[in-house]
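K.L.:
Sharing coords_39.cif, mmCIF, C-alpha atoms and all ligand atoms:
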data_query
loop_
_atom_site.group_PDB
_atom_site.id
_atom_site.type_symbol
_atom_site.label_atom_id
_atom_site.label_comp_id
_atom_site.auth_asym_id
_atom_site.auth_seq_id
_atom_site.Cartn_x
_atom_site.Cartn_y
_atom_site.Cartn_z
ATOM 1 C CA MET A 244 112.347 184.188 78.067
ATOM 2 C CA ASN A 245 109.021 182.702 77.039
ATOM 3 C CA SER A 246 110.415 179.192 76.854
ATOM 4 C CA ARG A 247 111.865 179.617 80.354
ATOM 5 C CA VAL A 248 108.502 180.662 81.708
ATOM 6 C CA LYS A 249 106.887 177.666 80.024
ATOM 7 C CA LYS A 250 109.510 175.288 81.438
ATOM 8 C CA GLY A 251 109.026 176.674 84.920
ATOM 9 C CA ARG A 252 105.298 176.156 84.688
ATOM 10 C CA THR A 253 105.411 172.570 83.583
ATOM 11 C CA SER A 254 108.276 171.145 85.664
ATOM 12 C CA LYS A 255 107.986 170.246 89.343
ATOM 13 C CA PRO A 256 109.620 172.740 91.673
ATOM 14 C CA SER A 257 112.914 171.405 93.000
ATOM 15 C CA PRO A 258 113.296 170.892 96.757
ATOM 16 C CA ILE A 259 114.367 174.106 98.397
ATOM 17 C CA ARG A 260 117.948 174.398 99.584
ATOM 18 C CA HIS A 261 118.490 176.128 102.897
ATOM 19 C CA GLY A 262 121.054 176.045 105.667
ATOM 20 C CA GLY A 263 118.552 175.511 108.477
ATOM 21 C CA LEU A 264 116.960 172.456 110.043
ATOM 22 C CA PHE A 265 113.223 171.937 109.575
ATOM 23 C CA ILE A 266 111.450 169.547 111.953
ATOM 24 C CA SER A 267 107.715 168.863 111.933
ATOM 25 C CA PHE A 268 105.534 167.311 114.632
ATOM 26 C CA GLU A 269 102.578 165.296 113.412
ATOM 27 C CA GLY A 270 99.834 163.121 114.836
ATOM 28 C CA ILE A 271 96.202 163.025 115.876
ATOM 29 C CA GLU A 272 94.555 165.366 118.389
ATOM 30 C CA GLY A 273 95.938 164.955 121.904
ATOM 31 C CA SER A 274 98.956 162.900 120.862
ATOM 32 C CA GLY A 275 101.360 165.312 122.565
ATOM 33 C CA LYS A 276 102.722 167.315 119.611
ATOM 34 C CA SER A 277 102.503 170.751 121.215
ATOM 35 C CA THR A 278 103.926 169.462 124.499
ATOM 36 C CA GLN A 279 106.946 167.869 122.827
ATOM 37 C CA CYS A 280 107.482 170.791 120.473
ATOM 38 C CA GLN A 281 107.866 173.101 123.482
ATOM 39 C CA VAL A 282 110.148 170.686 125.351
ATOM 40 C CA LEU A 283 112.436 170.233 122.341
ATOM 41 C CA ALA A 284 112.514 174.001 121.695
ATOM 42 C CA GLN A 285 113.667 174.614 125.260
ATOM 43 C CA PHE A 286 116.261 171.831 125.061
ATOM 44 C CA LEU A 287 117.685 173.257 121.820
ATOM 45 C CA LYS A 288 117.723 176.822 123.129
ATOM 46 C CA ASP A 289 119.494 175.664 126.299
ATOM 47 C CA SER A 290 122.030 173.936 124.048
ATOM 48 C CA GLY A 291 122.709 177.255 122.283
ATOM 49 C CA PHE A 292 120.760 176.803 119.044
ATOM 50 C CA ARG A 293 118.673 179.490 117.396
ATOM 51 C CA VAL A 294 115.162 178.082 117.391
ATOM 52 C CA ILE A 295 111.794 179.118 115.962
ATOM 53 C CA GLU A 296 108.696 177.387 117.288
ATOM 54 C CA THR A 297 105.649 177.658 115.092
ATOM 55 C CA ARG A 298 102.433 175.860 114.160
ATOM 56 C CA GLU A 299 99.973 175.131 111.362
ATOM 57 C CA PRO A 300 97.527 176.252 110.331
ATOM 58 C CA GLY A 301 98.951 179.577 111.486
ATOM 59 C CA GLY A 302 102.353 180.878 112.457
ATOM 60 C CA THR A 303 102.000 184.379 110.971
ATOM 61 C CA SER A 304 99.410 187.053 111.575
ATOM 62 C CA ILE A 305 97.497 186.410 108.346
ATOM 63 C CA ALA A 306 97.784 182.624 108.681
ATOM 64 C CA GLU A 307 96.447 182.790 112.255
ATOM 65 C CA HIS A 308 93.344 184.604 110.945
ATOM 66 C CA ILE A 309 92.869 181.761 108.476
ATOM 67 C CA ARG A 310 93.351 179.278 111.354
ATOM 68 C CA ASP A 311 90.481 180.928 113.263
ATOM 69 C CA LEU A 312 88.223 180.509 110.261
ATOM 70 C CA PHE A 313 89.374 176.905 109.837
ATOM 71 C CA LEU A 314 88.837 175.829 113.455
ATOM 72 C CA GLN A 315 85.758 177.844 114.372
ATOM 73 C CA THR A 316 82.919 175.799 115.815
ATOM 74 C CA LYS A 317 80.204 178.304 114.865
ATOM 75 C CA THR A 318 78.512 177.180 111.683
ATOM 76 C CA THR A 319 75.919 178.848 109.533
ATOM 77 C CA PRO A 320 72.710 176.780 109.578
ATOM 78 C CA GLY A 321 72.525 174.704 106.425
ATOM 79 C CA GLU A 322 76.123 175.414 105.463
ATOM 80 C CA SER A 323 79.352 173.739 106.513
ATOM 81 C CA LEU A 324 82.896 173.871 105.183
ATOM 82 C CA THR A 325 83.334 171.554 102.223
ATOM 83 C CA PRO A 326 86.443 169.331 102.226
ATOM 84 C CA GLU A 327 87.767 171.380 99.295
ATOM 85 C CA THR A 328 87.251 174.649 101.192
ATOM 86 C CA GLU A 329 88.952 173.128 104.207
ATOM 87 C CA ALA A 330 91.963 172.091 102.100
ATOM 88 C CA SER A 331 92.079 175.513 100.417
ATOM 89 C CA LEU A 332 92.155 177.288 103.787
ATOM 90 C CA VAL A 333 95.018 175.098 104.994
ATOM 91 C CA PHE A 334 96.933 175.711 101.770
ATOM 92 C CA ALA A 335 96.346 179.471 101.950
ATOM 93 C CA ALA A 336 97.660 179.575 105.511
ATOM 94 C CA ARG A 337 100.656 177.375 104.623
ATOM 95 C CA SER A 338 101.586 179.456 101.610
ATOM 96 C CA GLN A 339 101.704 182.550 103.817
ATOM 97 C CA HIS A 340 103.620 180.698 106.540
ATOM 98 C CA VAL A 341 106.244 179.306 104.159
ATOM 99 C CA ALA A 342 106.904 182.593 102.389
ATOM 100 C CA SER A 343 106.795 184.934 105.396
ATOM 101 C CA LEU A 344 108.288 182.863 108.200
ATOM 102 C CA LEU A 345 109.614 179.384 107.393
ATOM 103 C CA LEU A 346 111.810 180.109 104.382
ATOM 104 C CA PRO A 347 113.394 183.280 105.751
ATOM 105 C CA ALA A 348 114.180 181.508 109.057
ATOM 106 C CA LEU A 349 115.591 178.400 107.373
ATOM 107 C CA GLN A 350 117.626 180.448 104.938
ATOM 108 C CA ASN A 351 118.984 182.267 107.966
ATOM 109 C CA GLY A 352 120.218 178.921 109.331
ATOM 110 C CA GLU A 353 117.690 178.547 112.167
ATOM 111 C CA VAL A 354 116.183 175.383 113.595
ATOM 112 C CA VAL A 355 112.448 175.496 112.903
ATOM 113 C CA LEU A 356 110.050 173.333 114.917
ATOM 114 C CA CYS A 357 106.626 173.205 113.316
ATOM 115 C CA ASP A 358 103.568 171.802 115.092
ATOM 116 C CA ARG A 359 101.886 170.152 112.052
ATOM 117 C CA PHE A 360 102.838 170.636 108.381
ATOM 118 C CA SER A 361 102.033 169.022 105.020
ATOM 119 C CA ASP A 362 101.525 165.477 106.358
ATOM 120 C CA SER A 363 98.519 166.752 108.334
ATOM 121 C CA THR A 364 96.854 167.898 105.113
ATOM 122 C CA LEU A 365 97.297 164.472 103.549
ATOM 123 C CA ALA A 366 96.117 162.726 106.730
ATOM 124 C CA TYR A 367 93.084 164.965 107.486
ATOM 125 C CA GLN A 368 91.873 166.230 104.122
ATOM 126 C CA GLY A 369 93.166 163.202 102.168
ATOM 127 C CA TYR A 370 92.719 160.072 104.286
ATOM 128 C CA GLY A 371 90.181 161.690 106.656
ATOM 129 C CA ARG A 372 87.925 163.598 104.225
ATOM 130 C CA GLY A 373 88.615 161.481 101.172
ATOM 131 C CA LEU A 374 90.166 164.100 98.868
ATOM 132 C CA ASN A 375 92.537 162.802 96.191
ATOM 133 C CA ILE A 376 95.993 162.381 97.768
ATOM 134 C CA SER A 377 98.086 162.999 94.667
ATOM 135 C CA LYS A 378 96.123 166.162 93.829
ATOM 136 C CA LEU A 379 96.714 167.400 97.380
ATOM 137 C CA GLN A 380 100.415 166.570 97.045
ATOM 138 C CA GLY A 381 100.658 168.440 93.750
ATOM 139 C CA TYR A 382 98.985 171.547 95.086
ATOM 140 C CA ASN A 383 101.028 171.319 98.264
ATOM 141 C CA ARG A 384 104.266 171.267 96.259
ATOM 142 C CA PHE A 385 103.087 174.366 94.430
ATOM 143 C CA ILE A 386 102.283 176.410 97.547
ATOM 144 C CA THR A 387 105.284 175.247 99.631
ATOM 145 C CA GLN A 388 107.672 175.834 96.719
ATOM 146 C CA GLY A 389 108.805 172.235 97.410
ATOM 147 C CA LEU A 390 109.744 172.832 101.069
ATOM 148 C CA THR A 391 109.748 169.513 102.964
ATOM 149 C CA PRO A 392 110.741 168.855 106.582
ATOM 150 C CA ASP A 393 114.191 167.362 107.186
ATOM 151 C CA MET A 394 112.756 165.250 110.007
ATOM 152 C CA THR A 395 109.214 164.471 111.101
ATOM 153 C CA PHE A 396 108.151 162.992 114.433
ATOM 154 C CA LEU A 397 104.808 161.211 114.199
ATOM 155 C CA PHE A 398 103.135 160.841 117.608
ATOM 156 C CA ASP A 399 101.006 157.755 117.527
ATOM 157 C CA LEU A 400 98.425 156.464 119.978
ATOM 158 C CA PRO A 401 94.868 155.091 119.856
ATOM 159 C CA VAL A 402 92.393 157.829 118.927
ATOM 160 C CA GLN A 403 90.243 157.339 122.031
ATOM 161 C CA GLN A 404 93.239 158.088 124.234
ATOM 162 C CA GLY A 405 94.234 161.174 122.298
ATOM 163 C CA LEU A 406 90.693 162.551 122.317
ATOM 164 C CA ALA A 407 90.298 161.783 126.037
ATOM 165 C CA ARG A 408 93.422 163.867 126.732
ATOM 166 C CA ARG A 409 92.092 166.710 124.592
ATOM 167 C CA ARG A 410 88.610 166.623 126.056
ATOM 168 C CA LYS A 411 90.062 167.292 129.499
ATOM 169 C CA GLY A 412 91.025 170.720 128.170
ATOM 170 C CA PRO A 413 88.643 173.715 128.078
ATOM 171 C CA ASN A 414 88.171 174.326 124.348
ATOM 172 C CA GLN A 415 86.939 171.944 121.699
ATOM 173 C CA ASN A 416 87.595 172.999 118.135
ATOM 174 C CA ARG A 417 85.756 171.897 114.991
ATOM 175 C CA ILE A 418 88.150 169.008 114.303
ATOM 176 C CA ASP A 419 88.129 167.698 117.906
ATOM 177 C CA GLN A 420 84.370 167.285 117.547
ATOM 178 C CA GLU A 421 84.582 164.977 114.520
ATOM 179 C CA ALA A 422 83.440 161.329 114.820
ATOM 180 C CA LEU A 423 85.791 158.651 116.095
ATOM 181 C CA ALA A 424 85.824 156.998 112.652
ATOM 182 C CA PHE A 425 87.207 160.204 111.121
ATOM 183 C CA HIS A 426 90.039 160.362 113.657
ATOM 184 C CA ALA A 427 90.759 156.662 113.056
ATOM 185 C CA ARG A 428 91.130 157.290 109.298
ATOM 186 C CA VAL A 429 93.466 160.181 110.062
ATOM 187 C CA ARG A 430 95.595 158.031 112.373
ATOM 188 C CA ASN A 431 95.843 155.278 109.751
ATOM 189 C CA GLY A 432 96.667 157.892 107.134
ATOM 190 C CA PHE A 433 99.593 159.153 109.190
ATOM 191 C CA LEU A 434 100.856 155.578 109.639
ATOM 192 C CA GLU A 435 100.571 155.014 105.894
ATOM 193 C CA LEU A 436 102.640 158.169 105.269
ATOM 194 C CA ALA A 437 105.270 156.909 107.740
ATOM 195 C CA ARG A 438 105.465 153.669 105.740
ATOM 196 C CA LYS A 439 105.846 155.657 102.518
ATOM 197 C CA TYR A 440 108.509 158.016 103.830
ATOM 198 C CA PRO A 441 110.448 155.988 106.436
ATOM 199 C CA ARG A 442 113.654 158.027 106.137
ATOM 200 C CA ARG A 443 111.916 161.281 107.028
ATOM 201 C CA ILE A 444 109.125 160.174 109.393
ATOM 202 C CA THR A 445 109.860 158.512 112.738
ATOM 203 C CA ILE A 446 106.909 157.005 114.585
ATOM 204 C CA ILE A 447 106.965 157.870 118.275
ATOM 205 C CA ASN A 448 104.926 155.716 120.650
ATOM 206 C CA ALA A 449 102.949 158.527 122.299
ATOM 207 C CA HIS A 450 101.368 156.282 124.911
ATOM 208 C CA ARG A 451 104.231 156.879 127.356
ATOM 209 C CA SER A 452 105.218 159.583 129.804
ATOM 210 C CA ALA A 453 106.125 162.976 128.344
ATOM 211 C CA THR A 454 109.613 162.589 129.878
ATOM 212 C CA ALA A 455 110.255 159.217 128.228
ATOM 213 C CA ILE A 456 109.158 160.680 124.888
ATOM 214 C CA SER A 457 111.299 163.801 125.148
ATOM 215 C CA HIS A 458 114.366 161.672 125.990
ATOM 216 C CA GLN A 459 113.751 159.540 122.926
ATOM 217 C CA ILE A 460 113.451 162.626 120.715
ATOM 218 C CA GLN A 461 116.638 164.132 122.101
ATOM 219 C CA THR A 462 118.462 160.833 121.465
ATOM 220 C CA LEU A 463 117.136 160.698 117.897
ATOM 221 C CA MET A 464 118.300 164.260 117.297
ATOM 222 C CA GLU A 465 121.775 163.798 118.766
ATOM 223 C CA PRO A 466 123.587 162.682 115.582
ATOM 224 C CA VAL A 467 121.917 165.419 113.515
ATOM 225 C CA LEU A 468 122.815 168.112 116.029
ATOM 226 C CA LYS A 469 126.394 166.845 116.368
ATOM 227 C CA ARG A 470 126.826 166.949 112.609
ATOM 228 C CA ARG A 471 125.485 170.505 112.498
ATOM 229 C CA LEU A 472 127.683 171.594 115.382
ATOM 230 C CA ARG A 473 130.722 170.219 113.588
ATOM 231 C CA ASN A 474 129.793 172.448 110.661
ATOM 232 C CA ASN A 475 129.301 175.258 113.166
ATOM 233 C CA LYS A 476 125.728 175.905 112.051
ATOM 234 C CA PHE A 477 122.723 177.113 114.029
ATOM 235 C CA GLN A 478 124.492 178.234 117.186
ATOM 236 C CA ASN A 479 124.021 181.655 118.661
ATOM 237 C CA SER A 480 127.134 183.719 118.283
ATOM 238 C CA PRO A 481 128.788 184.294 121.683
ATOM 239 C CA ARG A 482 127.390 187.352 123.438
HETATM 240 N N1 LIG A 501 102.859 161.815 127.263
HETATM 241 C C1 LIG A 501 101.739 162.318 127.789
HETATM 242 N N2 LIG A 501 101.016 161.600 128.679
HETATM 243 C C2 LIG A 501 99.851 162.093 129.193
HETATM 244 N N3 LIG A 501 99.328 163.302 128.890
HETATM 245 C C3 LIG A 501 100.004 164.069 128.017
HETATM 246 C C4 LIG A 501 101.241 163.617 127.408
HETATM 247 N N4 LIG A 501 101.682 164.575 126.574
HETATM 248 C C5 LIG A 501 100.773 165.582 126.641
HETATM 249 N N5 LIG A 501 99.781 165.288 127.502
HETATM 250 C C6 LIG A 501 98.591 166.103 127.825
HETATM 251 O O1 LIG A 501 97.605 165.783 126.858
HETATM 252 C C7 LIG A 501 96.932 166.960 126.413
HETATM 253 C C8 LIG A 501 97.169 167.128 124.911
HETATM 254 O O2 LIG A 501 98.577 167.326 124.677
HETATM 255 P P1 LIG A 501 99.084 168.263 123.509
HETATM 256 O O3 LIG A 501 100.572 168.331 123.586
HETATM 257 O O4 LIG A 501 98.335 169.552 123.522
HETATM 258 O O5 LIG A 501 98.659 167.387 122.232
HETATM 259 P P2 LIG A 501 98.435 167.825 120.725
HETATM 260 O O6 LIG A 501 99.185 169.107 120.508
HETATM 261 O O7 LIG A 501 98.996 166.670 119.949
HETATM 262 O O8 LIG A 501 96.966 167.946 120.532
HETATM 263 C C9 LIG A 501 97.505 168.110 127.245
HETATM 264 O O9 LIG A 501 96.644 168.319 128.340
HETATM 265 C C10 LIG A 501 98.850 167.587 127.705
HETATM 266 O O10 LIG A 501 99.235 168.155 128.925
HETATM 267 MG MG MG A 502 98.509 170.972 119.836
#
Could you write out this file's structure as structure tokens?
Ligand SMILES: Nc1ncnc2c1ncn2[C@@H]1O[C@H](COP(=O)(O)OP(=O)(O)O)[C@@H](O)[C@H]1O
Ligand SMILES: [Mg+2]
P.N.:
Amino acid sequence: MNSRVKKGRTSKPSPIRHGGLFISFEGIEGSGKSTQCQVLAQFLKDSGFRVIETREPGGTSIAEHIRDLFLQTKTTPGESLTPETEASLVFAARSQHVASLLLPALQNGEVVLCDRFSDSTLAYQGYGRGLNISKLQGYNRFITQGLTPDMTFLFDLPVQQGLARRRKGPNQNRIDQEALAFHARVRNGFLELARKYPRRITIINAHRSATAISHQIQTLMEPVLKRRLRNNKFQNSPR
């Protein structure tokens, strides 16, 4: 018993097996993640798949409270969130999200579309804030229990264009207000991750019309969906 506990503590958690399909949407502010997440969710639902659309930080009641704390623009004079606090908040929200929503849905064979996931932590808190990437990866593995997306779409465009799109909207959150140089480091961080994990991450040129982008995503998903349909997974049972 004791030796088992010890083994479990020292070895890396193995990737989680589930019968679902886990897709994450990543990229800088204003790159079109939320737009494309919604379009793909509708397309999949219309095609008869069972779909969950969610986001990070957030996705469950507790995690959304943590999101509010994370994104709030009000700051206490003389005190701001440290990079370590920022990372800890994201990890706390993700841990809750994985355990309460993502894993149960994936184990139930659903398609899960997630607007941001672990790559955002590496890009923002790692490349953006300068925290140690391998430490972030280690802690991330611990709190996700090893859960990794099956596919990731990385929406890429110059930071000025993304921020200009966002700044047309009504609300600016704490991250939107960061300096251009910070957003540039985040963008480069995402591109570096895409180079590291080319099988999982597909770079999408986000400087095109939303329609052109959604067609590309649907085309990229076609073989995966066909394979799943052949195995008769994910579809709603006939009503
Ligand atoms: N391909 C596109 N071209 C131009 N504007 C877009 C495109 N996709 C989304 N937008 C607009 O840009 C803004 C940010 O898009 P959004 O999907 O919220 O990005 P993100 O979730 O990556 O921050 C929104 O006002 C949205 O309507
Ligand atoms: Mg968004």
K.L.:
Just checking: using only C-alpha atoms, which residue out of A:Ser290, A:Leu397, A:Ile456, A:Glu465 ends up closest to Glu435 (chain A)?
P.N.:
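Of all the options, A:Leu397 lies closest to Glu435 (chain A).
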K.L.:
Can you list every residue of chain A that has an atom at most 8 Å from ligand LIG 501 (chain A), with its nearest atom pair and the distance in Å to one decimal, using all atoms listed in the file, ordered by chain then number, as a tab-separated table?
P.N.:
residue	atom	partner	partner_atom	distance
A:Glu269	CA	A:LIG501	O7	7.6
A:Gly270	CA	A:LIG501	O7	6.3
A:Ile271	CA	A:LIG501	O7	6.1
A:Glu272	CA	A:LIG501	O8	4.1
A:Gly273	CA	A:LIG501	O8	3.4
A:Ser274	CA	A:LIG501	O7	3.9
A:Gly275	CA	A:LIG501	O3	3.3
A:Lys276	CA	A:LIG501	O7	3.8
A:Ser277	CA	A:LIG501	O6	3.8
A:Thr278	CA	A:LIG501	O3	3.7
A:Gln279	CA	A:LIG501	O3	6.4
A:Cys280	CA	A:LIG501	O3	8.0
A:Asp358	CA	A:LIG501	O6	7.5
A:Phe398	CA	A:LIG501	O7	7.5
A:Gly405	CA	A:LIG501	C8	7.1
A:Arg408	CA	A:LIG501	O1	4.6
A:Arg409	CA	A:LIG501	C8	5.1
A:Lys411	CA	A:LIG501	O9	6.8
A:Gly412	CA	A:LIG501	O9	6.1
A:Ala449	CA	A:LIG501	N1	6.0
A:His450	CA	A:LIG501	N1	6.2
A:Arg451	CA	A:LIG501	N1	5.1
A:Ser452	CA	A:LIG501	N1	4.1
A:Ala453	CA	A:LIG501	N1	3.6
A:Thr454	CA	A:LIG501	N1	7.3
A:Ala455	CA	A:LIG501	N1	7.9
A:Ile456	CA	A:LIG501	N1	6.8
K.L.:
For a quick check of understanding, using all atoms listed in the file, which of A:Gln415, A:Thr395, A:Ser457, A:Gln368 has the smallest distance to Ile444 (chain A)?
P.N.:
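With all atoms listed in the file as the atom set, the closest residue is A:Thr395.
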K.L.:
Choose the residue, out of A:Ala366, A:Leu406, A:Leu346, A:Ile447, that has the smallest atom-to-atom separation from ligand MG 502 (chain A); count all atoms listed in the file.
P.N.:
A:Leu406
K.L.:
Hey, can you check how far CA of Asn414 (chain A) sits from CA of Leu312 (chain A)?
P.N.:
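Between CA of Asn414 (chain A) and CA of Leu312 (chain A) the gap is 15.4 Å.
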K.L.:
How many Å lie between CA of Val333 (chain A) and CA of Pro300 (chain A), rounded to one decimal?
P.N.:
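About the pair CA of Val333 (chain A) and CA of Pro300 (chain A): they are 6.0 Å apart.
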K.L.:
Using all atoms listed in the file, which of A:Gln461, A:Asn474, A:Asn416, A:Ser343 sits nearest ligand MG 502 (chain A)?
P.N.:
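The closest residue to ligand MG 502 (chain A) is A:Asn416.
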K.L.:
So which residues get picked by the PyMOL selection byres (((chain A and resi 425) around 12) and not hetatm) here, written as a ChimeraX atom specification?
P.N.:
/A:271-272,366-373,402-403,406,418-424,426-432
K.L.:
Taking all atoms listed in the file into account, name the residue in A:Lys469, A:Pro320, A:Gly291, A:Arg298 that is nearest to ligand MG 502 (chain A).
P.N.:
A:Arg298
K.L.:
Pick out the closest residue to ligand MG 502 (chain A) from this set: A:Glu307, A:Glu329, A:Asp362, A:Glu299. Count all atoms listed in the file.
P.N.:
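Of the candidates, the smallest distance to ligand MG 502 (chain A) is held by A:Glu299.
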K.L.:
In Å to one decimal, how far is CA of Lys439 (chain A) from CA of Leu264 (chain A)?
P.N.:
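The value is 21.5 Å.
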K.L.:
Residues at most 10 Å from region 379-383 of chain A, counting all atoms listed in the file, excluding those fewer than 2 positions away in the same chain, as a list of chain:residue names?
P.N.:
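Contacts, with the query itself left out: A:Lys255, A:Glu327, A:Ala330, A:Ser331, A:Val333, A:Phe334, A:Arg337, A:Ser338, A:Ser361, A:Asp362, A:Thr364, A:Leu365, A:Gln368, A:Gly369, A:Leu374, A:Asn375, A:Ile376, A:Ser377, A:Phe385, A:Ile386, A:Thr387, A:Gln388, A:Gly389, A:Leu390.
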K.L.:
Name every residue that the PyMOL selection byres (((chain A and resi 262) around 12) and not hetatm) selects in this structure, writing the answer as an MDAnalysis selection string with chains first and numbers rising.
P.N.:
chainID A and resid 259:261 263:265 346:355 393 471 474:477
K.L.:
How would you write as a ChimeraX atom specification the residues that get within 6 Å of (102.5, 167.7, 111.9) in the file's frame, counting all atoms listed in the file?
P.N.:
/A:267-269,358-360,363
K.L.:
Could you tell me, as a ChimeraX atom specification, exactly which residues end up selected when the PyMOL selection byres (((chain A and resi 311) around 12) and not hetatm) is applied to this structure?
P.N.:
/A:299-302,304-310,312-317,332-333,336,416-417
K.L.:
Write a file of the selected residues as a tab-separated table (two decimals), keeping the file's coordinate frame, keeping C-alpha atoms.
P.N.:
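Output saved as part27.tsv:
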chain	number	residue	atom	x	y	z
A	299	GLU	CA	99.97	175.13	111.36
A	300	PRO	CA	97.53	176.25	110.33
A	301	GLY	CA	98.95	179.58	111.49
A	302	GLY	CA	102.35	180.88	112.46
A	304	SER	CA	99.41	187.05	111.58
A	305	ILE	CA	97.50	186.41	108.35
A	306	ALA	CA	97.78	182.62	108.68
A	307	GLU	CA	96.45	182.79	112.26
A	308	HIS	CA	93.34	184.60	110.94
A	309	ILE	CA	92.87	181.76	108.48
A	310	ARG	CA	93.35	179.28	111.35
A	312	LEU	CA	88.22	180.51	110.26
A	313	PHE	CA	89.37	176.90	109.84
A	314	LEU	CA	88.84	175.83	113.46
A	315	GLN	CA	85.76	177.84	114.37
A	316	THR	CA	82.92	175.80	115.82
A	317	LYS	CA	80.20	178.30	114.86
A	332	LEU	CA	92.16	177.29	103.79
A	333	VAL	CA	95.02	175.10	104.99
A	336	ALA	CA	97.66	179.58	105.51
A	416	ASN	CA	87.60	173.00	118.14
A	417	ARG	CA	85.76	171.90	114.99
K.L.:
Any idea what's packed within 7 Å of Ala284 (chain A), counting only C-alpha atoms, ignoring anything in its chain fewer than 4 positions away? Could you give it as number ranges by chain?
P.N.:
A: 280, 288, 294, 296
